[in-house]
Each structure stands twice: as structure tokens, then as C-alpha cells.
file coords.txt (compact mmCIF, C-alpha atoms)
# COMPACT_ATOMS: atom_id res chain seq x y z
CA MET A 225 -38.99 60.75 144.51
CA THR A 226 -36.50 63.59 144.07
CA THR A 227 -32.88 62.68 144.77
CA THR A 228 -30.96 64.91 147.15
CA ILE A 229 -27.30 65.78 146.80
CA ARG A 230 -26.47 63.65 149.81
CA GLU A 231 -28.24 60.64 148.28
CA ALA A 232 -26.48 61.24 144.97
CA VAL A 233 -23.05 61.17 146.61
CA ARG A 234 -23.88 57.92 148.38
CA GLY A 235 -25.24 56.38 145.18
CA VAL A 236 -22.19 57.33 143.15
CA ALA A 237 -19.86 55.98 145.85
CA ALA A 238 -21.72 52.66 145.82
CA LEU A 239 -21.48 52.37 142.03
CA LEU A 240 -17.78 53.16 142.03
CA SER A 241 -17.16 50.63 144.80
CA GLU A 242 -18.95 47.97 142.77
CA ASN A 243 -16.46 48.64 139.99
CA ASP A 244 -13.46 48.25 142.32
CA ILE A 245 -12.54 51.93 142.29
CA GLU A 246 -10.26 52.80 145.21
CA GLY A 247 -11.27 55.88 147.17
CA ALA A 248 -14.84 55.63 145.90
CA ALA A 249 -16.26 57.95 148.57
CA ARG A 250 -13.76 60.71 147.82
CA GLU A 251 -14.24 60.38 144.08
CA ALA A 252 -18.02 60.43 144.45
CA ARG A 253 -17.81 63.81 146.13
CA LEU A 254 -15.53 65.11 143.39
CA ILE A 255 -17.90 63.93 140.66
CA VAL A 256 -21.04 65.37 142.24
CA ALA A 257 -19.30 68.64 143.07
CA HIS A 258 -17.99 68.92 139.51
CA ALA A 259 -21.47 68.34 138.09
CA LEU A 260 -22.86 71.02 140.40
CA ASP A 261 -19.93 73.37 139.68
CA VAL A 262 -19.20 73.85 143.38
CA GLU A 263 -16.21 73.16 145.60
CA PRO A 264 -16.34 69.65 147.18
CA GLY A 265 -16.21 71.24 150.61
CA ARG A 266 -19.55 72.93 150.00
CA LEU A 267 -21.48 69.69 149.49
CA THR A 268 -22.24 69.29 153.19
CA LEU A 269 -23.83 72.74 153.18
CA ILE A 270 -26.24 71.87 150.38
CA GLU A 271 -26.59 68.11 150.89
CA HIS A 272 -30.38 68.31 151.36
CA ASP A 273 -30.96 70.24 148.14
CA ALA A 274 -32.67 68.42 145.30
CA MET A 275 -30.79 67.33 142.19
CA THR A 276 -31.90 68.56 138.78
CA SER A 277 -32.27 66.23 135.83
CA ASP A 278 -29.41 67.94 133.99
CA VAL A 279 -27.04 67.43 136.91
CA GLU A 280 -28.10 63.81 137.31
CA ALA A 281 -27.40 63.21 133.61
CA ALA A 282 -23.93 64.76 133.92
CA ILE A 283 -23.18 62.61 136.95
CA HIS A 284 -24.35 59.47 135.18
CA ALA A 285 -22.04 60.19 132.22
CA MET A 286 -19.03 60.74 134.48
CA VAL A 287 -19.71 57.62 136.54
CA ALA A 288 -19.98 55.55 133.35
CA LYS A 289 -16.54 56.75 132.23
CA ARG A 290 -14.96 56.15 135.63
CA ALA A 291 -16.44 52.66 135.80
CA GLU A 292 -14.54 51.94 132.57
CA ARG A 293 -11.36 52.94 134.45
CA VAL A 294 -10.95 56.22 132.63
CA PRO A 295 -8.67 58.27 134.94
CA MET A 296 -10.45 60.63 137.28
CA SER A 297 -8.47 63.53 135.84
CA HIS A 298 -9.84 62.76 132.38
CA VAL A 299 -13.37 62.51 133.75
CA LEU A 300 -13.06 65.91 135.44
CA GLY A 301 -10.83 67.41 132.77
CA TYR A 302 -8.13 68.54 135.16
CA ARG A 303 -5.62 67.46 137.79
CA GLU A 304 -4.63 69.41 140.89
CA PHE A 305 -0.87 69.92 141.09
CA TRP A 306 1.05 72.25 143.43
CA GLY A 307 -2.12 74.20 144.17
CA ARG A 308 -3.12 74.73 140.54
CA GLN A 309 -5.47 73.00 138.13
CA PHE A 310 -3.91 71.56 134.98
CA PHE A 311 -5.81 70.35 131.94
CA VAL A 312 -4.94 66.75 131.09
CA SER A 313 -5.93 64.32 128.37
CA GLY A 314 -4.90 60.98 126.96
CA ASP A 315 -2.04 62.76 125.19
CA VAL A 316 -0.07 63.43 128.38
CA LEU A 317 1.06 61.80 131.58
CA ASP A 318 -1.23 62.56 134.51
CA PRO A 319 0.78 64.73 136.99
CA ARG A 320 1.32 62.76 140.21
CA PRO A 321 1.64 64.09 143.74
CA GLU A 322 5.10 62.49 143.94
CA THR A 323 6.33 64.87 141.25
CA GLU A 324 5.77 67.76 143.63
CA THR A 325 8.98 66.50 145.26
CA LEU A 326 10.82 67.68 142.15
CA ILE A 327 9.14 71.09 142.36
CA ALA A 328 10.13 71.50 146.00
CA ALA A 329 13.73 70.57 145.22
CA ALA A 330 13.89 72.99 142.30
CA LEU A 331 12.57 75.87 144.40
CA GLU A 332 15.25 75.36 147.07
CA GLU A 333 17.48 77.69 145.04
CA SER A 334 16.69 80.56 142.71
CA PHE A 335 17.03 80.19 138.94
CA SER A 336 16.59 82.37 135.88
CA ASP A 337 16.29 79.90 133.01
CA VAL A 338 14.81 76.42 133.26
CA LEU A 339 14.70 73.61 130.72
CA ASP A 340 12.03 70.95 131.17
CA LEU A 341 12.76 67.82 129.14
CA GLY A 342 9.70 65.71 128.23
CA THR A 343 7.24 68.26 129.54
CA GLY A 344 3.98 66.39 128.88
CA SER A 345 1.18 68.45 130.41
CA GLY A 346 3.62 71.21 131.20
CA ALA A 347 2.85 70.94 134.91
CA ILE A 348 6.51 71.10 135.96
CA ALA A 349 7.59 73.91 133.65
CA VAL A 350 4.48 76.02 134.21
CA THR A 351 4.70 75.61 137.98
CA LEU A 352 8.38 76.54 138.18
CA VAL A 353 8.06 79.61 135.97
CA ALA A 354 4.88 80.72 137.74
CA ASP A 355 6.46 80.33 141.18
CA CYS A 356 9.76 82.04 140.32
CA GLU A 357 9.14 85.66 139.41
CA GLY A 358 11.05 86.71 136.34
CA ALA A 359 12.18 83.20 135.42
CA ARG A 360 11.91 82.03 131.85
CA GLY A 361 11.80 78.51 130.49
CA THR A 362 11.88 76.12 127.58
CA ALA A 363 9.80 72.96 127.62
CA THR A 364 10.37 70.15 125.16
CA ASP A 365 8.55 67.01 124.17
CA LEU A 366 8.64 64.55 121.31
CA SER A 367 4.83 64.62 121.07
CA ASP A 368 3.17 67.50 119.24
CA ALA A 369 -0.11 66.67 120.99
CA ALA A 370 1.56 66.95 124.39
CA LEU A 371 3.06 70.31 123.48
CA THR A 372 -0.41 71.55 122.57
CA VAL A 373 -1.70 70.55 126.02
CA ALA A 374 1.31 72.15 127.73
CA ALA A 375 0.84 75.41 125.82
CA ARG A 376 -2.81 75.48 126.88
CA ASN A 377 -1.79 75.13 130.52
CA ALA A 378 0.77 77.89 130.13
CA ARG A 379 -1.95 80.22 128.88
CA THR A 380 -4.28 79.21 131.69
CA HIS A 381 -1.69 80.17 134.26
CA ALA A 382 -0.53 83.29 132.41
CA VAL A 383 3.09 82.28 131.82
CA GLN A 384 2.91 81.87 128.04
CA THR A 385 5.16 84.88 127.46
CA ARG A 386 7.89 83.41 129.67
CA LEU A 387 7.72 79.81 128.50
CA GLN A 388 8.46 78.50 125.03
CA PHE A 389 7.72 75.03 123.74
CA GLN A 390 9.82 73.00 121.35
CA ARG A 391 9.61 69.57 119.79
CA SER A 392 12.79 67.73 120.69
CA ASP A 393 14.09 64.25 121.45
CA TRP A 394 15.85 65.16 124.69
CA PHE A 395 18.63 67.61 123.71
CA THR A 396 18.61 67.14 119.93
CA ALA A 397 16.85 70.43 119.13
CA VAL A 398 17.79 72.34 122.30
CA GLU A 399 19.98 75.45 122.05
CA GLY A 400 21.44 77.66 124.74
CA VAL A 401 22.29 77.14 128.39
CA PHE A 402 20.14 77.02 131.51
CA ASP A 403 20.82 77.20 135.22
CA LEU A 404 18.21 74.52 135.91
CA ILE A 405 17.37 71.39 133.92
CA VAL A 406 14.48 69.22 135.11
CA SER A 407 12.79 66.09 133.87
CA ASN A 408 10.30 63.42 134.85
CA PRO A 409 11.18 60.98 132.06
CA PRO A 410 9.65 57.59 131.19
CA TYR A 411 11.15 55.21 133.74
CA ILE A 412 8.88 52.16 133.76
CA THR A 413 10.51 49.06 132.30
CA ALA A 414 8.92 47.25 129.38
CA LEU A 415 8.38 44.20 131.59
CA GLU A 416 6.43 46.25 134.14
CA MET A 417 3.92 47.72 131.70
CA ASP A 418 1.41 44.85 131.79
CA GLY A 419 1.15 45.13 135.56
CA LEU A 420 0.10 48.77 135.62
CA GLN A 421 -3.40 49.82 136.65
CA PRO A 422 -5.86 50.13 133.73
CA GLU A 423 -6.12 53.90 134.30
CA VAL A 424 -2.43 54.20 133.48
CA ARG A 425 -1.85 51.37 131.03
CA LEU A 426 -4.88 52.08 128.84
CA HIS A 427 -5.30 55.83 129.07
CA GLU A 428 -1.86 57.45 129.28
CA PRO A 429 0.63 57.68 126.40
CA ARG A 430 2.95 54.69 126.40
CA MET A 431 5.94 56.77 125.29
CA ALA A 432 5.59 58.89 128.45
CA LEU A 433 5.65 55.80 130.65
CA THR A 434 8.33 53.47 129.31
CA ASP A 435 11.47 53.49 127.18
CA GLU A 436 10.54 49.95 126.06
CA ALA A 437 13.73 48.76 127.74
CA ASP A 438 15.18 48.90 131.26
CA GLY A 439 13.60 52.21 132.24
CA LEU A 440 16.96 53.99 132.36
CA SER A 441 17.49 55.12 128.76
CA ALA A 442 16.34 58.67 129.40
CA TYR A 443 18.76 59.17 132.28
CA ARG A 444 21.65 58.09 130.11
CA ALA A 445 20.69 60.67 127.48
CA ILE A 446 20.03 63.44 130.01
CA PHE A 447 23.25 63.12 132.01
CA ALA A 448 25.35 62.58 128.89
CA GLY A 449 23.99 65.65 127.10
CA ALA A 450 23.35 68.12 129.89
CA ARG A 451 26.90 69.40 130.36
CA LYS A 452 26.86 71.76 127.36
CA HIS A 453 23.42 73.09 128.25
CA LEU A 454 23.96 73.83 131.95
CA SER A 455 25.51 77.07 133.17
CA PRO A 456 28.26 77.01 135.84
CA GLY A 457 26.78 76.17 139.23
CA GLY A 458 23.56 74.99 137.63
CA ARG A 459 21.51 72.00 138.66
CA ILE A 460 19.90 68.94 137.07
CA ILE A 461 16.89 67.50 138.88
CA VAL A 462 15.24 64.27 137.73
CA GLU A 463 12.47 62.10 139.09
CA PHE A 464 12.83 58.31 139.08
CA GLY A 465 10.86 55.23 140.05
CA GLN A 466 10.96 52.97 143.06
CA GLY A 467 14.20 51.02 143.33
CA GLN A 468 15.99 53.04 140.64
CA CYS A 469 17.93 55.28 143.00
CA PRO A 470 21.32 53.45 142.78
CA ASP A 471 21.13 53.06 139.01
CA VAL A 472 20.26 56.69 138.33
CA GLU A 473 23.03 57.92 140.62
CA ALA A 474 25.50 55.58 138.96
CA ILE A 475 24.55 56.93 135.53
CA ALA A 476 24.99 60.51 136.73
CA GLN A 477 28.39 59.81 138.26
CA ALA A 478 29.57 57.84 135.22
CA ASN A 479 28.95 61.01 133.20
CA GLY A 480 31.02 63.15 135.56
CA TRP A 481 28.35 64.39 137.95
CA ARG A 482 29.89 63.93 141.38
CA ASP A 483 27.82 66.31 143.52
CA THR A 484 24.58 64.36 143.84
CA ALA A 485 21.86 64.26 146.49
CA PHE A 486 18.39 62.80 146.88
CA ARG A 487 15.01 64.09 147.99
CA THR A 488 12.30 61.84 149.41
CA ASP A 489 8.59 61.92 148.59
CA MET A 490 5.63 61.88 150.98
CA SER A 491 6.21 58.16 151.55
CA GLU A 492 9.81 58.83 152.61
CA LYS A 493 11.13 57.06 149.53
CA ASN A 494 13.92 58.46 147.37
CA ARG A 495 12.13 60.06 144.43
CA VAL A 496 14.35 62.82 143.03
CA LEU A 497 18.06 63.17 142.30
CA VAL A 498 19.72 66.59 142.33
CA ALA A 499 23.08 66.88 140.57
CA LYS A 500 25.36 69.89 140.01
CA ASP A 501 28.94 71.02 139.44
CA PRO A 502 30.09 68.55 136.77
CA VAL A 503 33.76 67.60 136.89
call {"tool": "encode", "arguments": {"input": "coords.txt", "output": "C-alpha cells"}}
result
Amino acid sequence: MTTTIREAVRGVAALLSENDIEGAAREARLIVAHALDVEPGRLTLIEHDAMTSDVEAAIHAMVAKRAERVPMSHVLGYREFWGRQFFVSGDVLDPRPETETLIAAALEESFSDVLDLGTGSGAIAVTLVADCEGARGTATDLSDAALTVAARNARTHAVQTRLQFQRSDWFTAVEGVFDLIVSNPPYITALEMDGLQPEVRLHEPRMALTDEADGLSAYRAIFAGARKHLSPGGRIIVEFGQGQCPDVEAIAQANGWRDTAFRTDMSEKNRVLVAKDPV
């Protein structure tokens, strides 16, 4: 008997549920839609159409990967972020919805030159340059593989002429000054790593997740080195993890950054610190 699209979605959802995948129904629709090369919202319009053998084979391959806890973004080959699709792989951190809090904070004021430290997929740098007409940027990372992914995303979103990429360990290879410095650095402590979900622990680069210490090393480097790379009146915006708000603010203030404020994410939790006007 020929399988319909509706039956395929239900079957995929059941298989994902059996493998303890949260949001199995939503992910099933994404997988089937991706195999059909249609928008997920169109599935209800064609749910009685028959599946082809090629599409069924593609779905089976994707379900097998997801059942092994390969991240959904790696299965699909992209992640939605701030209304755009970004290519992701095991070489970069998967852009999270919480990081859109940093984007919103950055866009509260205009800027001409942005520096993105630890760019990973390039989602932050590409988004900011794309959304701010005329802005230029520099994006750094210690991983050559990550820089390759970021450059690909810059080309996809047509900002490659306004965004340069550089291998650097925080500020070590950075030259010039910027009116905006942003970063979503590794902030997970070494002790927390074993408790992460398999999708994160097994499939994302460890160096993008943890500093192998207390999760605060990057903030110490960023706030200590930013002064000579930030123009007068410029801003530093960093993302941090749950419970790190007091520590990150203390690090900023210990390095002379007195004008600090926080932005909350969709869960109303402090997620981003904005600092400017160093003493």
C-alpha cells in the first residue's frame, strides 16, 4: 500500500518518540517537508498525496541520524536564526534562539564597525552586518574549520564584501577599533559538560562550549582586552549562561566597565550584558 504524506509524518513522529526525541511531532514535519523540498506549512495541503520511493529513502536516512541524537540542524543542514537560514556542521556551535537576545540588544543603537569574537557559524556577525546597512565587520575564531563555515554563511547572505574573517585567540590578532564588540563565548563549566544533552555533548565542538574551567575565562579576556579596541561611546555585548549574571558583571566592573545593563531572553532570564563607557 502506498504511504501518504500524512501517514509518513505520523510514522516519523512515532519513531522519534520511541527514541526519546523531544518535540517529535514538530521534528517529523520538518523532516518530511525537507525531504519533499516544501515549506512545513504546506504539508497539510498535500497530506493525501502519495510518497515516492526516493522521498521515503531520504526520510529514512534522516530519521536514522536523528535517532542517533545527531542535532536536527545537522540532519537538515541548516538552522533558522533571526529569520535567516544558516549552514551548520559539527565544526560550529548550533545558533540558539536565546542568542537572538544579543542581536536585539546590538540593534538598539546604530554602529559602523562590529567585531565578533569567537564567531563560530558566523550567525551573529552575518546577521548584524546584514541588518545594519553600510556596517562592516570582523569575525574571529580560533578554529579554521569554523571560519570556513562562517565565510560560507557570509556568502549565502551576500555580506562577504563587508565582513572579514580572521583566526585569533580573542584579541591576540585583532587590529583597529570598533564601535561594537560582541561575543557568545564558551561559558559552560568543565564540571557541567557530562550533563549536557547528547546532541550538544557529542556533536558540537567542545572548545565552543567550555573553557575547561569555571566557564568565565573568556569574559576575563574580553573585558580586559576590549578597551584598546573600542571607540569612544562604543559598546560590548556578551551572552552568558544561567546563573552567571553576577560573575560576568563583576568581571566587567573589575576591568573598569561601570555602565552595565542586562537584557532578558524569551524565558525572562538575564542572558546578555551590555557594557559601555569604560572609566
call {"tool": "residues_around", "arguments": {"input": "coords.txt", "residues": "stretch 262-273 of chain A", "least_positions_apart": "6", "cutoff": "6 Å", "atoms": "all atoms listed in the file", "output": "compact mmCIF listing (two decimals) with C-alpha atoms, in the coordinates of the input"}}
result
# COMPACT_ATOMS: atom_id res chain seq x y z
CA THR A 228 -30.96 64.91 147.15
CA ILE A 229 -27.30 65.78 146.80
CA ARG A 230 -26.47 63.65 149.81
CA LEU A 254 -15.53 65.11 143.39
call {"tool": "atom_distance", "arguments": {"input": "coords.txt", "atom1": "atom CA of A:Tyr411", "atom2": "atom CA of A:Ser313"}}
result
20.1 Å
call {"tool": "closest_residue", "arguments": {"input": "coords.txt", "among": "A:Leu331, A:Leu415, A:Ile460, A:Val496", "to": "A:Asp403", "atoms": "all atoms listed in the file"}}
result
A:Ile460
call {"tool": "residues_around", "arguments": {"input": "coords.txt", "residues": "stretch 471-481 of chain A", "least_positions_apart": "3", "cutoff": "8 Å", "atoms": "only C-alpha atoms", "output": "MDAnalysis selection string"}}
result
chainID A and resid 440 443:444 447:448 464 468 484 497 499:503
call {"tool": "closest_residue", "arguments": {"input": "coords.txt", "among": "A:Asp315, A:Ala248, A:Asp365, A:Ala232", "to": "A:Ala281", "atoms": "all atoms listed in the file"}}
result
A:Ala232
call {"tool": "residues_around", "arguments": {"input": "coords.txt", "residues": "A:Phe305", "least_positions_apart": "6", "cutoff": "8 Å", "atoms": "only C-alpha atoms", "output": "PDB file with C-alpha atoms, in the coordinates of the input"}}
result
ATOM      1  CA  PRO A 319       0.780  64.730 136.990  1.00  0.00           C
ATOM      2  CA  ARG A 320       1.320  62.760 140.210  1.00  0.00           C
ATOM      3  CA  PRO A 321       1.640  64.090 143.740  1.00  0.00           C
ATOM      4  CA  GLU A 324       5.770  67.760 143.630  1.00  0.00           C
ATOM      5  CA  ALA A 347       2.850  70.940 134.910  1.00  0.00           C
TER       6      ALA A 347
END
call {"tool": "closest_residue", "arguments": {"input": "coords.txt", "among": "A:Leu366, A:Ile405, A:Ala354, A:Val256", "to": "A:Ala382", "atoms": "all atoms listed in the file"}}
result
A:Ala354
call {"tool": "residues_around", "arguments": {"input": "coords.txt", "residues": "stretch 422-439 of chain A", "least_positions_apart": "3", "cutoff": "7 Å", "atoms": "all atoms listed in the file", "output": "list in words"}}
result
Arg293, Val294, Pro295, Gly314, Asp315, Val316, Leu317, Pro409, Pro410, Tyr411, Ile412, Thr413, Ala414 and Met417 of chain A
call {"tool": "residues_near_point", "arguments": {"input": "coords.txt", "point": "(23.8, 82.9, 127.2)", "cutoff": "10 Å", "atoms": "all atoms listed in the file", "output": "PDB file with C-alpha atoms, in the frame of the given file"}}
result
ATOM      1  CA  ASP A 337      16.290  79.900 133.010  1.00  0.00           C
ATOM      2  CA  GLU A 399      19.980  75.450 122.050  1.00  0.00           C
ATOM      3  CA  GLY A 400      21.440  77.660 124.740  1.00  0.00           C
ATOM      4  CA  VAL A 401      22.290  77.140 128.390  1.00  0.00           C
ATOM      5  CA  PHE A 402      20.140  77.020 131.510  1.00  0.00           C
ATOM      6  CA  HIS A 453      23.420  73.090 128.250  1.00  0.00           C
ATOM      7  CA  SER A 455      25.510  77.070 133.170  1.00  0.00           C
TER       8      SER A 455
END
call {"tool": "residues_around", "arguments": {"input": "coords.txt", "residues": "A:Ala285", "least_positions_apart": "6", "cutoff": "12 Å", "atoms": "all atoms listed in the file", "output": "VMD selection string"}}
result
chain A and resid 236 255 to 256 259 278 to 279 291 to 292 294 299 to 300
call {"tool": "closest_atom_pairs", "arguments": {"input": "coords.txt", "of": "stretch 258-358 of chain A", "to": "stretch 368-376 of chain A", "cutoff": "12 Å", "atoms": "all atoms listed in the file", "output": "JSON lines"}}
result
{"residue": "A:Gly301", "atom": "CA", "partner": "A:Val373", "partner_atom": "CA", "distance": 11.8}
{"residue": "A:Tyr302", "atom": "CA", "partner": "A:Val373", "partner_atom": "CA", "distance": 11.4}
{"residue": "A:Gln309", "atom": "CA", "partner": "A:Arg376", "partner_atom": "CA", "distance": 11.8}
{"residue": "A:Phe310", "atom": "CA", "partner": "A:Ala374", "partner_atom": "CA", "distance": 9.0}
{"residue": "A:Phe311", "atom": "CA", "partner": "A:Val373", "partner_atom": "CA", "distance": 7.2}
{"residue": "A:Val312", "atom": "CA", "partner": "A:Val373", "partner_atom": "CA", "distance": 7.1}
{"residue": "A:Ser313", "atom": "CA", "partner": "A:Val373", "partner_atom": "CA", "distance": 7.9}
{"residue": "A:Gly314", "atom": "CA", "partner": "A:Ala370", "partner_atom": "CA", "distance": 9.2}
{"residue": "A:Asp315", "atom": "CA", "partner": "A:Ala370", "partner_atom": "CA", "distance": 5.6}
{"residue": "A:Val316", "atom": "CA", "partner": "A:Ala370", "partner_atom": "CA", "distance": 5.6}
{"residue": "A:Leu317", "atom": "CA", "partner": "A:Ala370", "partner_atom": "CA", "distance": 8.9}
{"residue": "A:Asp318", "atom": "CA", "partner": "A:Ala370", "partner_atom": "CA", "distance": 11.4}
{"residue": "A:Pro319", "atom": "CA", "partner": "A:Ala374", "partner_atom": "CA", "distance": 11.9}
{"residue": "A:Asp340", "atom": "CA", "partner": "A:Ala374", "partner_atom": "CA", "distance": 11.3}
{"residue": "A:Leu341", "atom": "CA", "partner": "A:Leu371", "partner_atom": "CA", "distance": 11.5}
{"residue": "A:Gly342", "atom": "CA", "partner": "A:Ala370", "partner_atom": "CA", "distance": 9.1}
{"residue": "A:Thr343", "atom": "CA", "partner": "A:Ala374", "partner_atom": "CA", "distance": 7.3}
{"residue": "A:Gly344", "atom": "CA", "partner": "A:Ala370", "partner_atom": "CA", "distance": 5.1}
{"residue": "A:Ser345", "atom": "CA", "partner": "A:Ala374", "partner_atom": "CA", "distance": 4.6}
{"residue": "A:Gly346", "atom": "CA", "partner": "A:Ala374", "partner_atom": "CA", "distance": 4.3}
{"residue": "A:Ala347", "atom": "CA", "partner": "A:Ala374", "partner_atom": "CA", "distance": 7.4}
{"residue": "A:Ile348", "atom": "CA", "partner": "A:Ala374", "partner_atom": "CA", "distance": 9.8}
{"residue": "A:Ala349", "atom": "CA", "partner": "A:Ala374", "partner_atom": "CA", "distance": 8.8}
{"residue": "A:Val350", "atom": "CA", "partner": "A:Ala374", "partner_atom": "CA", "distance": 8.2}
{"residue": "A:Thr351", "atom": "CA", "partner": "A:Ala374", "partner_atom": "CA", "distance": 11.3}
call {"tool": "closest_residue", "arguments": {"input": "coords.txt", "among": "A:Ala442, A:Thr380, A:Thr488, A:Glu251", "to": "A:Ser297", "atoms": "only C-alpha atoms"}}
result
A:Glu251
call {"tool": "atom_distance", "arguments": {"input": "coords.txt", "atom1": "atom CA of A:Gln384", "atom2": "atom CA of A:Lys452"}}
result
26.0 Å
call {"tool": "axis_aligned_box", "arguments": {"input": "coords.txt", "around": "stretch 380-390 of chain A", "padding_each_side": "6 Å", "output": "lines of an AutoDock Vina configuration file"}}
result
center_x = 2.8
center_y = 78.9
center_z = 127.8
size_x = 26.1
size_y = 23.9
size_z = 24.9
call {"tool": "closest_residue", "arguments": {"input": "coords.txt", "among": "A:Leu260, A:Ala450, A:Met286, A:Met275", "to": "A:Leu240", "atoms": "all atoms listed in the file"}}
result
A:Met286
call {"tool": "closest_residue", "arguments": {"input": "coords.txt", "among": "A:Asp483, A:Glu242, A:Asp393, A:Asp489", "to": "A:Glu322", "atoms": "only C-alpha atoms"}}
result
A:Asp489
call {"tool": "atom_distance", "arguments": {"input": "coords.txt", "atom1": "atom CA of A:Ser441", "atom2": "atom CA of A:Phe335"}}
result
27.1 Å
